[in-house]
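Shown next: model17.cif, containing mmCIF, C-alpha atoms.
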```cif
data_data
#
loop_
_atom_site.group_PDB
_atom_site.id
_atom_site.type_symbol
_atom_site.label_atom_id
_atom_site.label_comp_id
_atom_site.auth_asym_id
_atom_site.auth_seq_id
_atom_site.Cartn_x
_atom_site.Cartn_y
_atom_site.Cartn_z
ATOM 1 C CA MET A 39 -38.047 -34.796 2.191
ATOM 2 C CA MET A 40 -38.150 -31.016 2.504
ATOM 3 C CA GLY A 41 -35.721 -31.166 5.442
ATOM 4 C CA VAL A 42 -33.246 -33.247 3.441
ATOM 5 C CA SER A 43 -33.366 -30.776 0.537
ATOM 6 C CA ILE A 44 -32.739 -27.808 2.850
ATOM 7 C CA ALA A 45 -29.843 -29.634 4.520
ATOM 8 C CA PHE A 46 -28.417 -30.430 1.079
ATOM 9 C CA VAL A 47 -28.685 -26.789 -0.068
ATOM 10 C CA ILE A 48 -27.069 -25.539 3.159
ATOM 11 C CA SER A 49 -24.207 -28.033 2.909
ATOM 12 C CA MET A 50 -23.625 -27.093 -0.764
ATOM 13 C CA LEU A 51 -23.610 -23.406 0.211
ATOM 14 C CA LEU A 52 -21.121 -24.075 3.007
ATOM 15 C CA LEU A 53 -18.898 -26.030 0.621
ATOM 16 C CA TYR A 54 -19.067 -23.172 -1.885
ATOM 17 C CA LEU A 55 -18.141 -20.594 0.793
ATOM 18 C CA LEU A 56 -15.281 -22.805 1.916
ATOM 19 C CA GLY A 57 -14.051 -22.934 -1.683
ATOM 20 C CA VAL A 58 -14.330 -19.149 -1.963
ATOM 21 C CA TRP A 59 -12.408 -18.724 1.286
ATOM 22 C CA ARG A 60 -9.674 -21.082 0.117
ATOM 23 C CA ARG A 61 -9.388 -19.309 -3.244
ATOM 24 C CA ALA A 62 -9.170 -15.941 -1.461
ATOM 25 C CA THR A 63 -6.358 -17.080 0.808
ATOM 26 C CA VAL A 64 -4.458 -18.476 -2.178
ATOM 27 C CA THR A 65 -4.929 -15.187 -4.101
ATOM 28 C CA ALA A 66 -3.604 -13.158 -1.218
ATOM 29 C CA ARG A 67 -0.567 -15.309 -0.554
ATOM 30 C CA GLU A 68 1.813 -12.480 -1.332
ATOM 31 C CA LEU A 69 2.397 -11.493 2.247
ATOM 32 C CA PRO A 70 6.026 -11.106 3.258
ATOM 33 C CA PRO A 71 7.395 -14.095 5.170
ATOM 34 C CA GLY A 72 7.240 -13.843 8.935
ATOM 35 C CA GLY A 73 9.156 -15.650 11.683
ATOM 36 C CA GLY A 74 12.369 -13.617 11.505
ATOM 37 C CA LEU A 75 12.870 -14.175 7.778
ATOM 38 C CA LEU A 76 12.908 -10.434 7.106
ATOM 39 C CA PRO A 77 15.344 -7.810 8.479
ATOM 40 C CA ASP A 78 14.425 -5.773 11.572
ATOM 41 C CA SER A 79 13.426 -2.790 9.466
ATOM 42 C CA ALA A 80 10.472 -4.869 8.256
ATOM 43 C CA GLN A 81 8.748 -3.865 11.503
ATOM 44 C CA PHE A 82 7.204 -0.978 9.532
ATOM 45 C CA ALA A 83 4.906 -3.618 8.107
ATOM 46 C CA LEU A 84 3.145 -3.626 11.487
ATOM 47 C CA GLU A 85 1.969 -0.046 11.034
ATOM 48 C CA SER A 86 -1.485 -0.203 9.560
ATOM 49 C CA CYS A 87 -2.076 1.183 6.084
ATOM 50 C CA PRO A 88 -3.243 4.850 6.313
ATOM 51 C CA ALA A 89 -7.031 5.178 5.835
ATOM 52 C CA GLU A 90 -6.529 7.461 2.809
ATOM 53 C CA TYR A 91 -4.971 4.573 0.871
ATOM 54 C CA VAL A 92 -7.455 1.974 2.145
ATOM 55 C CA SER A 93 -10.197 4.234 0.849
ATOM 56 C CA LYS A 94 -8.526 4.304 -2.574
ATOM 57 C CA ILE A 95 -8.367 0.504 -2.806
ATOM 58 C CA PHE A 96 -12.125 0.245 -2.225
ATOM 59 C CA SER A 97 -13.170 3.440 -4.002
ATOM 60 C CA ARG A 98 -15.491 3.488 -7.020
ATOM 61 C CA ASP A 99 -13.993 6.681 -8.524
ATOM 62 C CA ASP A 100 -11.168 4.859 -10.306
ATOM 63 C CA TRP A 101 -13.675 2.272 -11.524
ATOM 64 C CA LYS A 102 -15.852 5.022 -13.073
ATOM 65 C CA PHE A 103 -12.780 6.355 -14.886
ATOM 66 C CA VAL A 104 -11.902 2.899 -16.254
ATOM 67 C CA ALA A 105 -15.528 2.083 -17.176
ATOM 68 C CA ALA A 106 -15.750 5.321 -19.189
ATOM 69 C CA MET A 107 -13.089 3.930 -21.545
ATOM 70 C CA LYS A 108 -15.462 1.148 -22.590
ATOM 71 C CA SER A 109 -12.794 -1.514 -22.861
ATOM 72 C CA PRO A 110 -13.804 -4.919 -21.451
ATOM 73 C CA ALA A 111 -10.139 -5.959 -21.239
ATOM 74 C CA LEU A 112 -9.243 -2.890 -19.157
ATOM 75 C CA GLU A 113 -12.271 -3.404 -16.940
ATOM 76 C CA ARG A 114 -11.288 -7.047 -16.289
ATOM 77 C CA PHE A 115 -7.707 -6.016 -15.569
ATOM 78 C CA PHE A 116 -8.851 -3.292 -13.161
ATOM 79 C CA ARG A 117 -11.209 -5.615 -11.279
ATOM 80 C CA ALA A 118 -8.526 -8.305 -10.949
ATOM 81 C CA GLU A 119 -5.928 -5.803 -9.698
ATOM 82 C CA ARG A 120 -8.270 -4.228 -7.145
ATOM 83 C CA LYS A 121 -9.501 -7.618 -5.938
ATOM 84 C CA SER A 122 -6.014 -8.945 -5.330
ATOM 85 C CA LEU A 123 -5.000 -5.672 -3.643
ATOM 86 C CA ALA A 124 -8.068 -5.646 -1.402
ATOM 87 C CA LEU A 125 -7.519 -9.283 -0.380
ATOM 88 C CA LEU A 126 -3.894 -8.548 0.351
ATOM 89 C CA TRP A 127 -4.859 -5.608 2.570
ATOM 90 C CA VAL A 128 -7.391 -7.702 4.518
ATOM 91 C CA GLN A 129 -4.895 -10.527 5.034
ATOM 92 C CA GLN A 130 -2.169 -8.053 6.003
ATOM 93 C CA THR A 131 -4.460 -6.292 8.487
ATOM 94 C CA SER A 132 -5.549 -9.605 9.966
ATOM 95 C CA ALA A 133 -1.953 -10.853 10.292
ATOM 96 C CA ASP A 134 -0.725 -7.558 11.813
ATOM 97 C CA ILE A 135 -3.519 -7.435 14.334
ATOM 98 C CA GLN A 136 -2.867 -11.031 15.425
ATOM 99 C CA LYS A 137 0.770 -10.122 15.944
ATOM 100 C CA ILE A 138 -0.176 -7.019 17.928
ATOM 101 C CA MET A 139 -2.533 -9.055 20.127
ATOM 102 C CA ARG A 140 0.213 -11.605 20.796
ATOM 103 C CA GLN A 141 2.557 -8.797 21.830
ATOM 104 C CA HIS A 142 -0.244 -7.313 23.936
ATOM 105 C CA ALA A 143 -0.828 -10.617 25.727
ATOM 106 C CA GLU A 144 2.886 -10.831 26.528
ATOM 107 C CA LEU A 145 2.956 -7.276 27.877
ATOM 108 C CA SER A 146 -0.265 -7.811 29.850
ATOM 109 C CA ARG A 147 1.311 -10.743 31.685
ATOM 110 C CA ARG A 148 4.110 -8.433 32.855
ATOM 111 C CA SER A 149 1.858 -5.487 33.699
ATOM 112 C CA GLU A 150 0.759 -5.110 37.342
ATOM 113 C CA ASP A 151 -2.157 -2.703 36.987
ATOM 114 C CA LEU A 152 -4.300 -4.057 34.187
ATOM 115 C CA ASP A 153 -7.703 -2.464 33.744
ATOM 116 C CA PHE A 154 -10.286 -5.205 33.205
ATOM 117 C CA VAL A 155 -12.750 -2.940 31.332
ATOM 118 C CA THR A 156 -10.053 -1.660 28.959
ATOM 119 C CA GLU A 157 -8.862 -5.205 28.308
ATOM 120 C CA MET A 158 -12.399 -6.379 27.549
ATOM 121 C CA LYS A 159 -12.964 -3.431 25.190
ATOM 122 C CA LEU A 160 -9.730 -4.254 23.392
ATOM 123 C CA PHE A 161 -10.659 -7.905 23.080
ATOM 124 C CA SER A 162 -14.131 -7.096 21.733
ATOM 125 C CA ARG A 163 -12.571 -4.765 19.132
ATOM 126 C CA TYR A 164 -10.159 -7.533 18.178
ATOM 127 C CA ALA A 165 -12.996 -10.070 17.829
ATOM 128 C CA GLU A 166 -15.045 -7.571 15.803
ATOM 129 C CA LEU A 167 -12.104 -6.850 13.517
ATOM 130 C CA ARG A 168 -11.403 -10.553 12.908
ATOM 131 C CA MET A 169 -15.053 -11.079 12.058
ATOM 132 C CA ILE A 170 -15.092 -8.094 9.676
ATOM 133 C CA CYS A 171 -11.918 -9.403 8.002
ATOM 134 C CA GLY A 172 -13.656 -12.734 7.415
ATOM 135 C CA ILE A 173 -16.737 -11.013 5.969
ATOM 136 C CA LEU A 174 -14.519 -8.803 3.799
ATOM 137 C CA VAL A 175 -12.589 -11.765 2.344
ATOM 138 C CA LEU A 176 -15.798 -13.558 1.406
ATOM 139 C CA SER A 177 -17.496 -10.423 0.046
ATOM 140 C CA ILE A 178 -14.437 -9.370 -1.998
ATOM 141 C CA GLU A 179 -14.209 -12.837 -3.475
ATOM 142 C CA LEU A 180 -17.926 -12.932 -4.279
ATOM 143 C CA ALA A 181 -18.690 -9.342 -5.355
ATOM 144 C CA GLY A 182 -15.360 -7.498 -5.630
ATOM 145 C CA PRO A 183 -14.092 -4.716 -3.353
ATOM 146 C CA LEU A 184 -15.860 -1.727 -4.891
ATOM 147 C CA TRP A 185 -18.982 -2.021 -2.725
ATOM 148 C CA LEU A 186 -17.173 -2.439 0.575
ATOM 149 C CA ARG A 187 -15.505 0.930 1.211
ATOM 150 C CA GLY A 188 -17.507 1.704 4.377
ATOM 151 C CA LEU A 189 -16.801 -1.661 5.988
ATOM 152 C CA ALA A 190 -13.118 -1.513 4.998
ATOM 153 C CA LEU A 191 -12.746 1.959 6.527
ATOM 154 C CA HIS A 192 -14.429 0.736 9.719
ATOM 155 C CA ALA A 193 -11.931 -2.167 9.856
ATOM 156 C CA SER A 194 -9.071 0.271 9.257
ATOM 157 C CA LYS A 195 -10.274 2.479 12.138
ATOM 158 C CA LEU A 196 -10.607 -0.522 14.476
ATOM 159 C CA SER A 197 -7.140 -1.724 13.578
ATOM 160 C CA GLN A 198 -5.678 1.716 14.322
ATOM 161 C CA ARG A 199 -7.456 1.830 17.696
ATOM 162 C CA ILE A 200 -6.032 -1.561 18.667
ATOM 163 C CA GLU A 201 -2.594 -0.387 17.561
ATOM 164 C CA GLN A 202 -2.925 2.767 19.696
ATOM 165 C CA ALA A 203 -4.088 0.759 22.747
ATOM 166 C CA GLN A 204 -1.054 -1.491 22.349
ATOM 167 C CA GLU A 205 1.257 1.528 22.106
ATOM 168 C CA THR A 206 -0.276 3.012 25.270
ATOM 169 C CA LEU A 207 0.249 -0.213 27.201
ATOM 170 C CA ASP A 208 3.759 -0.482 25.802
ATOM 171 C CA ALA A 209 4.560 3.027 27.055
ATOM 172 C CA ALA A 210 3.022 2.306 30.481
ATOM 173 C CA VAL A 211 5.096 -0.883 30.895
ATOM 174 C CA GLU A 212 8.245 0.989 29.832
ATOM 175 C CA GLU A 213 7.485 3.748 32.352
ATOM 176 C CA ALA A 214 6.921 1.240 35.172
ATOM 177 C CA ARG A 215 10.365 -0.317 34.590
ATOM 178 C CA MET B 121 26.799 17.364 15.066
ATOM 179 C CA SER B 122 23.985 17.799 17.604
ATOM 180 C CA ALA B 123 20.561 16.370 16.801
ATOM 181 C CA THR B 124 18.932 19.833 16.427
ATOM 182 C CA ILE B 125 21.644 21.122 14.102
ATOM 183 C CA LYS B 126 21.378 17.941 12.037
ATOM 184 C CA ILE B 127 17.587 18.308 11.704
ATOM 185 C CA ILE B 128 18.020 21.937 10.528
ATOM 186 C CA ALA B 129 20.744 20.880 8.075
ATOM 187 C CA VAL B 130 18.547 18.067 6.683
ATOM 188 C CA GLN B 131 15.663 20.538 6.298
ATOM 189 C CA ASP B 132 17.971 22.957 4.406
ATOM 190 C CA ALA B 133 19.240 20.141 2.180
ATOM 191 C CA TYR B 134 15.664 19.008 1.566
ATOM 192 C CA ASP B 135 14.609 22.557 0.542
ATOM 193 C CA ASP B 136 17.684 22.755 -1.660
ATOM 194 C CA ILE B 137 16.878 19.567 -3.591
ATOM 195 C CA LEU B 138 13.252 20.656 -3.902
ATOM 196 C CA GLN B 139 14.127 24.059 -5.371
ATOM 197 C CA ARG B 140 17.243 23.308 -7.403
ATOM 198 C CA THR B 141 16.430 19.892 -8.814
ATOM 199 C CA LEU B 142 12.900 18.600 -8.307
ATOM 200 C CA ALA B 143 11.175 21.852 -9.341
ATOM 201 C CA ARG B 144 12.757 21.532 -12.790
ATOM 202 C CA ILE B 145 11.412 18.025 -13.396
ATOM 203 C CA SER B 146 8.192 17.884 -15.406
ATOM 204 C CA CYS B 147 5.984 15.640 -13.215
ATOM 205 C CA ASP B 148 5.837 13.794 -9.888
ATOM 206 C CA LEU B 149 6.389 10.402 -11.504
ATOM 207 C CA ALA B 150 9.616 11.656 -13.106
ATOM 208 C CA ARG B 151 10.643 13.158 -9.726
ATOM 209 C CA LEU B 152 10.054 9.769 -8.120
ATOM 210 C CA VAL B 153 12.134 7.951 -10.735
ATOM 211 C CA TYR B 154 14.885 10.559 -10.366
ATOM 212 C CA LEU B 155 14.984 10.243 -6.552
ATOM 213 C CA ALA B 156 15.022 6.428 -6.785
ATOM 214 C CA SER B 157 17.976 6.704 -9.165
ATOM 215 C CA THR B 158 20.026 8.494 -6.474
ATOM 216 C CA ARG B 159 19.831 5.310 -4.357
ATOM 217 C CA ASP B 160 22.531 2.663 -4.528
ATOM 218 C CA TYR B 161 20.976 -0.666 -5.589
ATOM 219 C CA ASN B 162 23.192 -2.699 -3.280
ATOM 220 C CA THR B 163 23.191 -0.682 -0.087
ATOM 221 C CA GLY B 164 19.971 1.293 -0.385
ATOM 222 C CA ASN B 165 21.909 4.462 0.532
ATOM 223 C CA TYR B 166 21.201 7.702 -1.296
ATOM 224 C CA HIS B 167 23.924 9.819 -2.832
ATOM 225 C CA HIS B 168 24.019 13.164 -4.621
ATOM 226 C CA ASP B 169 27.388 14.788 -5.346
ATOM 227 C CA GLY B 170 26.189 18.400 -5.443
ATOM 228 C CA LEU B 171 24.085 18.095 -2.303
ATOM 229 C CA ALA B 172 26.858 16.255 -0.431
ATOM 230 C CA ALA B 173 29.322 19.010 -1.395
ATOM 231 C CA ARG B 174 26.974 21.767 -0.184
ATOM 232 C CA PHE B 175 26.054 19.976 3.063
ATOM 233 C CA ASN B 176 27.629 16.591 3.816
ATOM 234 C CA ALA B 177 27.070 13.015 2.639
ATOM 235 C CA ASP B 178 25.016 12.058 5.715
ATOM 236 C CA VAL B 179 22.725 15.067 5.559
ATOM 237 C CA ALA B 180 22.309 14.686 1.770
ATOM 238 C CA ARG B 181 21.420 11.001 2.216
ATOM 239 C CA LYS B 182 18.744 11.755 4.800
ATOM 240 C CA ALA B 183 17.266 14.637 2.766
ATOM 241 C CA LEU B 184 17.046 12.459 -0.367
ATOM 242 C CA GLU B 185 15.464 9.628 1.606
ATOM 243 C CA ILE B 186 12.774 11.951 3.007
ATOM 244 C CA ALA B 187 12.122 13.530 -0.397
ATOM 245 C CA HIS B 188 11.844 10.078 -1.997
ATOM 246 C CA ARG B 189 9.332 8.860 0.576
ATOM 247 C CA GLN B 190 7.243 12.044 0.351
ATOM 248 C CA VAL B 191 7.013 11.975 -3.449
ATOM 249 C CA PHE B 192 6.221 8.252 -3.311
ATOM 250 C CA TYR B 193 3.295 8.702 -0.896
ATOM 251 C CA ARG B 194 2.029 11.641 -2.983
ATOM 252 C CA VAL B 195 2.086 9.637 -6.230
ATOM 253 C CA SER B 196 0.481 6.639 -4.496
ATOM 254 C CA ALA B 197 -2.412 8.847 -3.388
ATOM 255 C CA TYR B 198 -3.161 9.965 -6.960
ATOM 256 C CA SER B 199 -6.405 8.846 -8.538
ATOM 257 C CA LEU B 200 -5.989 6.514 -11.500
ATOM 258 C CA GLU B 201 -6.955 9.373 -13.810
ATOM 259 C CA GLU B 202 -4.247 11.642 -12.376
ATOM 260 C CA LEU B 203 -1.671 8.863 -12.492
ATOM 261 C CA SER B 204 -2.559 8.090 -16.109
ATOM 262 C CA GLU B 205 -1.820 11.739 -16.964
ATOM 263 C CA GLU B 206 1.488 11.495 -15.080
ATOM 264 C CA VAL B 207 2.433 8.327 -16.983
ATOM 265 C CA GLU B 208 1.550 10.009 -20.274
ATOM 266 C CA ILE B 209 3.672 13.101 -19.458
ATOM 267 C CA TYR B 210 6.531 10.857 -18.335
ATOM 268 C CA LEU B 211 6.474 8.616 -21.407
ATOM 269 C CA LYS B 212 6.157 11.545 -23.808
ATOM 270 C CA SER B 213 8.963 13.511 -22.138
ATOM 271 C CA SER B 214 11.404 10.642 -22.709
ATOM 272 C CA ARG B 215 14.042 10.991 -25.432
ATOM 273 C CA GLU B 216 13.045 7.566 -26.683
ATOM 274 C CA SER B 217 9.804 6.738 -28.457
ATOM 275 C CA PRO B 218 6.940 6.595 -25.892
ATOM 276 C CA LEU B 219 5.855 3.207 -27.222
ATOM 277 C CA GLU B 220 9.378 1.817 -26.790
ATOM 278 C CA VAL B 221 9.476 3.045 -23.192
ATOM 279 C CA LEU B 222 5.982 1.677 -22.625
ATOM 280 C CA ARG B 223 7.048 -1.736 -23.902
ATOM 281 C CA ALA B 224 10.065 -1.785 -21.573
ATOM 282 C CA TRP B 225 8.010 -0.579 -18.606
ATOM 283 C CA GLN B 226 5.368 -3.238 -19.153
ATOM 284 C CA ASN B 227 7.852 -6.052 -19.728
ATOM 285 C CA LEU B 228 10.645 -5.256 -17.283
ATOM 286 C CA GLU B 229 8.641 -3.308 -14.688
ATOM 287 C CA PRO B 230 11.569 -0.976 -13.820
ATOM 288 C CA TYR B 231 9.157 1.198 -11.819
ATOM 289 C CA ARG B 232 9.432 -1.400 -9.032
ATOM 290 C CA ILE B 233 12.712 0.188 -7.951
ATOM 291 C CA ALA B 234 10.891 3.502 -7.445
ATOM 292 C CA VAL B 235 9.443 2.142 -4.180
ATOM 293 C CA PRO B 236 11.381 3.444 -1.149
ATOM 294 C CA MET B 237 12.737 0.936 1.343
ATOM 295 C CA GLU B 238 10.599 1.615 4.415
ATOM 296 C CA VAL B 239 7.047 2.222 3.297
ATOM 297 C CA ASN B 240 3.813 0.498 4.144
ATOM 298 C CA PRO B 241 3.625 -2.720 2.049
ATOM 299 C CA THR B 242 -0.017 -2.182 1.076
ATOM 300 C CA VAL B 243 0.737 1.340 -0.186
ATOM 301 C CA ALA B 244 3.684 -0.093 -2.158
ATOM 302 C CA ARG B 245 1.348 -2.665 -3.748
ATOM 303 C CA LEU B 246 -1.249 0.026 -4.490
ATOM 304 C CA PHE B 247 1.426 2.090 -6.252
ATOM 305 C CA LEU B 248 2.638 -0.864 -8.365
ATOM 306 C CA SER B 249 -0.908 -1.892 -9.235
ATOM 307 C CA ASN B 250 -1.888 1.644 -10.264
ATOM 308 C CA ILE B 251 1.223 2.014 -12.439
ATOM 309 C CA ARG B 252 0.389 -1.279 -14.186
ATOM 310 C CA LEU B 253 -3.155 -0.021 -14.788
ATOM 311 C CA ALA B 254 -1.997 3.424 -15.982
ATOM 312 C CA LEU B 255 0.384 1.772 -18.476
ATOM 313 C CA ALA B 256 -2.437 -0.424 -19.786
ATOM 314 C CA ILE B 257 -4.636 2.674 -20.125
ATOM 315 C CA PHE B 258 -1.880 4.487 -22.057
ATOM 316 C CA ARG B 259 -1.520 1.499 -24.400
ATOM 317 C CA HIS B 260 -5.299 1.376 -24.852
ATOM 318 C CA ARG B 261 -5.344 5.078 -25.784
ATOM 319 C CA GLN B 262 -2.591 4.579 -28.362
ATOM 320 C CA GLN B 263 -4.612 1.984 -30.238
ATOM 321 C CA PRO B 264 -6.311 3.377 -33.357
ATOM 322 C CA LEU B 265 -10.099 3.703 -33.170
ATOM 323 C CA PRO B 266 -12.030 1.029 -35.106
ATOM 324 C CA PRO B 267 -13.195 2.235 -38.538
ATOM 325 C CA ARG B 268 -16.693 3.724 -38.688
ATOM 326 C CA PRO B 269 -19.311 1.443 -40.269
#
```
Would you mind writing the file's structure down as structure tokens?
Amino acid sequence: MMGVSIAFVISMLLLYLLGVWRRATVTARELPPGGGLLPDSAQFALESCPAEYVSKIFSRDDWKFVAAMKSPALERFFRAERKSLALLWVQQTSADIQKIMRQHAELSRRSEDLDFVTEMKLFSRYAELRMICGILVLSIELAGPLWLRGLALHASKLSQRIEQAQETLDAAVEEAR
Amino acid sequence: MSATIKIIAVQDAYDDILQRTLARISCDLARLVYLASTRDYNTGNYHHDGLAARFNADVARKALEIAHRQVFYRVSAYSLEELSEEVEIYLKSSRESPLEVLRAWQNLEPYRIAVPMEVNPTVARLFLSNIRLALAIFRHRQQPLPPRP
């Protein structure tokens, strides 16, 4: 009987998390269209958001300023704006990094002197970043972004490292040509 | 024009617009709106008669584009408190009634055109979100305090 109850609680929890995940992806569906639907200049979207601005999205300083005004309507508005912004950033980072990894895989196939250790490091960073993005989406949806600054900055740093590794490989392939 | 000469000319034009025009504008938000207004809505190209006459149209365009992007990133990095002050200065420096401008800004969102063409999309969203919040804060501050019991 106990086992059935635990299984029921776990399945309800999983269903709830699935619902949260689905709601989060719907909220953040403001990403620009991909697949060649934007002009070439839209490539700037691949550059990750500078850490200074990521820090602002997840910072509590602005929240303290809004809370000091003691207006429930303003507080609700602020929380909704920051939540949607934070979700958008996570989805954008996740989409950009997937695109970078696809480009990296293409370049790797053409490269003749791939370093196995470097490739493994890059892949583990990619896996870590995807996992953090998943945790961030769920946490933002459940508790809001204002408690997640450290994790968001770590994700931002990882994303920049992957971007740099891709640029290095890109340059090496260009040089070999 | 060689690349080096062009870079120097753009730098001179940039300094010129900073000293002659932007320094006379009351706040960064107003500078941003001004720089966005020098951009053609259809082509996205910048134009400034005085600057183009002193340098040339190409150099003026590039200098305005750089200035626009720099002011945009600066304003986007403001804390909400700083941006609220900027919004207040901007609305109060208008020739129209601040509440009229506020109403138009909240309904029509003309500040959307203040975003330069090639900027990081998340920073652009942060800017728009913070402006929306700063406008709501300004409106909140304009409301009369409830009467004392």
Query raised in the report: What's the 7 Å shell around range 154-171 of chain A, counting all atoms listed in the file, without same-chain residues fewer than 4 positions away, as a count of residues only?
Result: 6
Query raised in the report: With distances taken over only C-alpha atoms, which of B:Glu208, B:Arg215, B:Ala254, B:Ser199 is nearest to Ser93 in chain A?
Result: B:Ser199
With 10 Å as the cut-off and all atoms listed in the file counted, what is the closest atom pair between each nearby residue of chain B and chain A? Distances in Å to one decimal, ordered by chain and number, as a Markdown table.
```
| residue | atom | partner | partner_atom | distance |
| --- | --- | --- | --- | --- |
| B:Tyr193 | CA | A:Tyr91 | CA | 9.4 |
| B:Ser196 | CA | A:Tyr91 | CA | 7.9 |
| B:Ala197 | CA | A:Tyr91 | CA | 6.6 |
| B:Tyr198 | CA | A:Lys94 | CA | 8.9 |
| B:Ser199 | CA | A:Asp100 | CA | 6.5 |
| B:Leu200 | CA | A:Asp100 | CA | 5.6 |
| B:Glu201 | CA | A:Phe103 | CA | 6.6 |
| B:Glu202 | CA | A:Asp100 | CA | 9.9 |
| B:Met237 | CA | A:Ser79 | CA | 9.0 |
| B:Glu238 | CA | A:Phe82 | CA | 6.7 |
| B:Val239 | CA | A:Phe82 | CA | 7.0 |
| B:Asn240 | CA | A:Ala83 | CA | 5.8 |
| B:Pro241 | CA | A:Ala83 | CA | 6.3 |
| B:Thr242 | CA | A:Trp127 | CA | 6.1 |
| B:Val243 | CA | A:Tyr91 | CA | 6.6 |
| B:Arg245 | CA | A:Leu123 | CA | 7.0 |
| B:Leu246 | CA | A:Leu123 | CA | 6.9 |
| B:Phe247 | CA | A:Tyr91 | CA | 9.9 |
| B:Leu248 | CA | A:Glu119 | CA | 10.0 |
| B:Ser249 | CA | A:Glu119 | CA | 6.4 |
| B:Asn250 | CA | A:Glu119 | CA | 8.5 |
| B:Arg252 | CA | A:Glu119 | CA | 9.0 |
| B:Leu253 | CA | A:Phe116 | CA | 6.8 |
| B:Ala254 | CA | A:Val104 | CA | 9.9 |
| B:Ala256 | CA | A:Leu112 | CA | 7.3 |
| B:Ile257 | CA | A:Leu112 | CA | 7.3 |
| B:His260 | CA | A:Leu112 | CA | 8.1 |
| B:Arg261 | CA | A:Met107 | CA | 8.9 |
```
Keeping only C-alpha atoms, write those residues as a short mmCIF file (atom, residue, chain, number, x, y, z; two decimals), keeping the file's coordinate frame.
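Result saved to result.cif:
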```cif
data_model
loop_
_atom_site.label_atom_id
_atom_site.label_comp_id
_atom_site.auth_asym_id
_atom_site.auth_seq_id
_atom_site.Cartn_x
_atom_site.Cartn_y
_atom_site.Cartn_z
CA TYR B 193 3.30 8.70 -0.90
CA SER B 196 0.48 6.64 -4.50
CA ALA B 197 -2.41 8.85 -3.39
CA TYR B 198 -3.16 9.96 -6.96
CA SER B 199 -6.40 8.85 -8.54
CA LEU B 200 -5.99 6.51 -11.50
CA GLU B 201 -6.96 9.37 -13.81
CA GLU B 202 -4.25 11.64 -12.38
CA MET B 237 12.74 0.94 1.34
CA GLU B 238 10.60 1.62 4.42
CA VAL B 239 7.05 2.22 3.30
CA ASN B 240 3.81 0.50 4.14
CA PRO B 241 3.62 -2.72 2.05
CA THR B 242 -0.02 -2.18 1.08
CA VAL B 243 0.74 1.34 -0.19
CA ARG B 245 1.35 -2.66 -3.75
CA LEU B 246 -1.25 0.03 -4.49
CA PHE B 247 1.43 2.09 -6.25
CA LEU B 248 2.64 -0.86 -8.36
CA SER B 249 -0.91 -1.89 -9.24
CA ASN B 250 -1.89 1.64 -10.26
CA ARG B 252 0.39 -1.28 -14.19
CA LEU B 253 -3.16 -0.02 -14.79
CA ALA B 254 -2.00 3.42 -15.98
CA ALA B 256 -2.44 -0.42 -19.79
CA ILE B 257 -4.64 2.67 -20.12
CA HIS B 260 -5.30 1.38 -24.85
CA ARG B 261 -5.34 5.08 -25.78
#
```
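The gap separating CA of Ile145 in chain B from CA of Leu222 in chain B is 19.5 Å, in Å to one decimal.
The two atoms in question, CA of Ile135 in chain A and CA of Ala209 in chain A, are spaced 18.3 Å apart.
Residues matched by the PyMOL selection byres ((chain B and resi 179) around 10) in this file are Lys126, Ile127, Ile128, Ala129, Val130, Gln131, Asp132, Ala133, Tyr134, His167, Leu171, Ala172, Arg174, Phe175, Asn176, Ala177, Asp178, Ala180, Arg181, Lys182, Ala183, Leu184 and Glu185 of chain B.
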**Report entry** Contacts of Val153 in chain B at 10 Å (all atoms listed in the file; same-chain gap of 5+ positions) as a list in words
**Finding:** Asp148, Thr158, His188, Val191, Phe192, Tyr210, Pro230, Tyr231, Arg232, Ile233, Ala234 and Val235 of chain B
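Taking CA of Leu207 in chain A as the reference point, CA of Met139 in chain A is found at 11.7 Å.
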Requested in this report: I need the residue set behind the PyMOL selection byres ((chain A and resi 143) around 12) for this file; please write it as a PyMOL selection string.
Outcome: chain A and resi 136-142+144-149+152+157+160-161+204+207-208
Query raised in the report: On this structure, which residues satisfy the PyMOL selection byres ((chain B and resi 142) around 12), written as a ChimeraX atom specification?
Result: /B:134-141,143-155,184,187-188,191
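The residue that comes closest to Glu220 in chain B, out of B:Ala123, B:Ala156, B:Asn162, B:Arg259 and on the basis of all atoms listed in the file, is B:Arg259.
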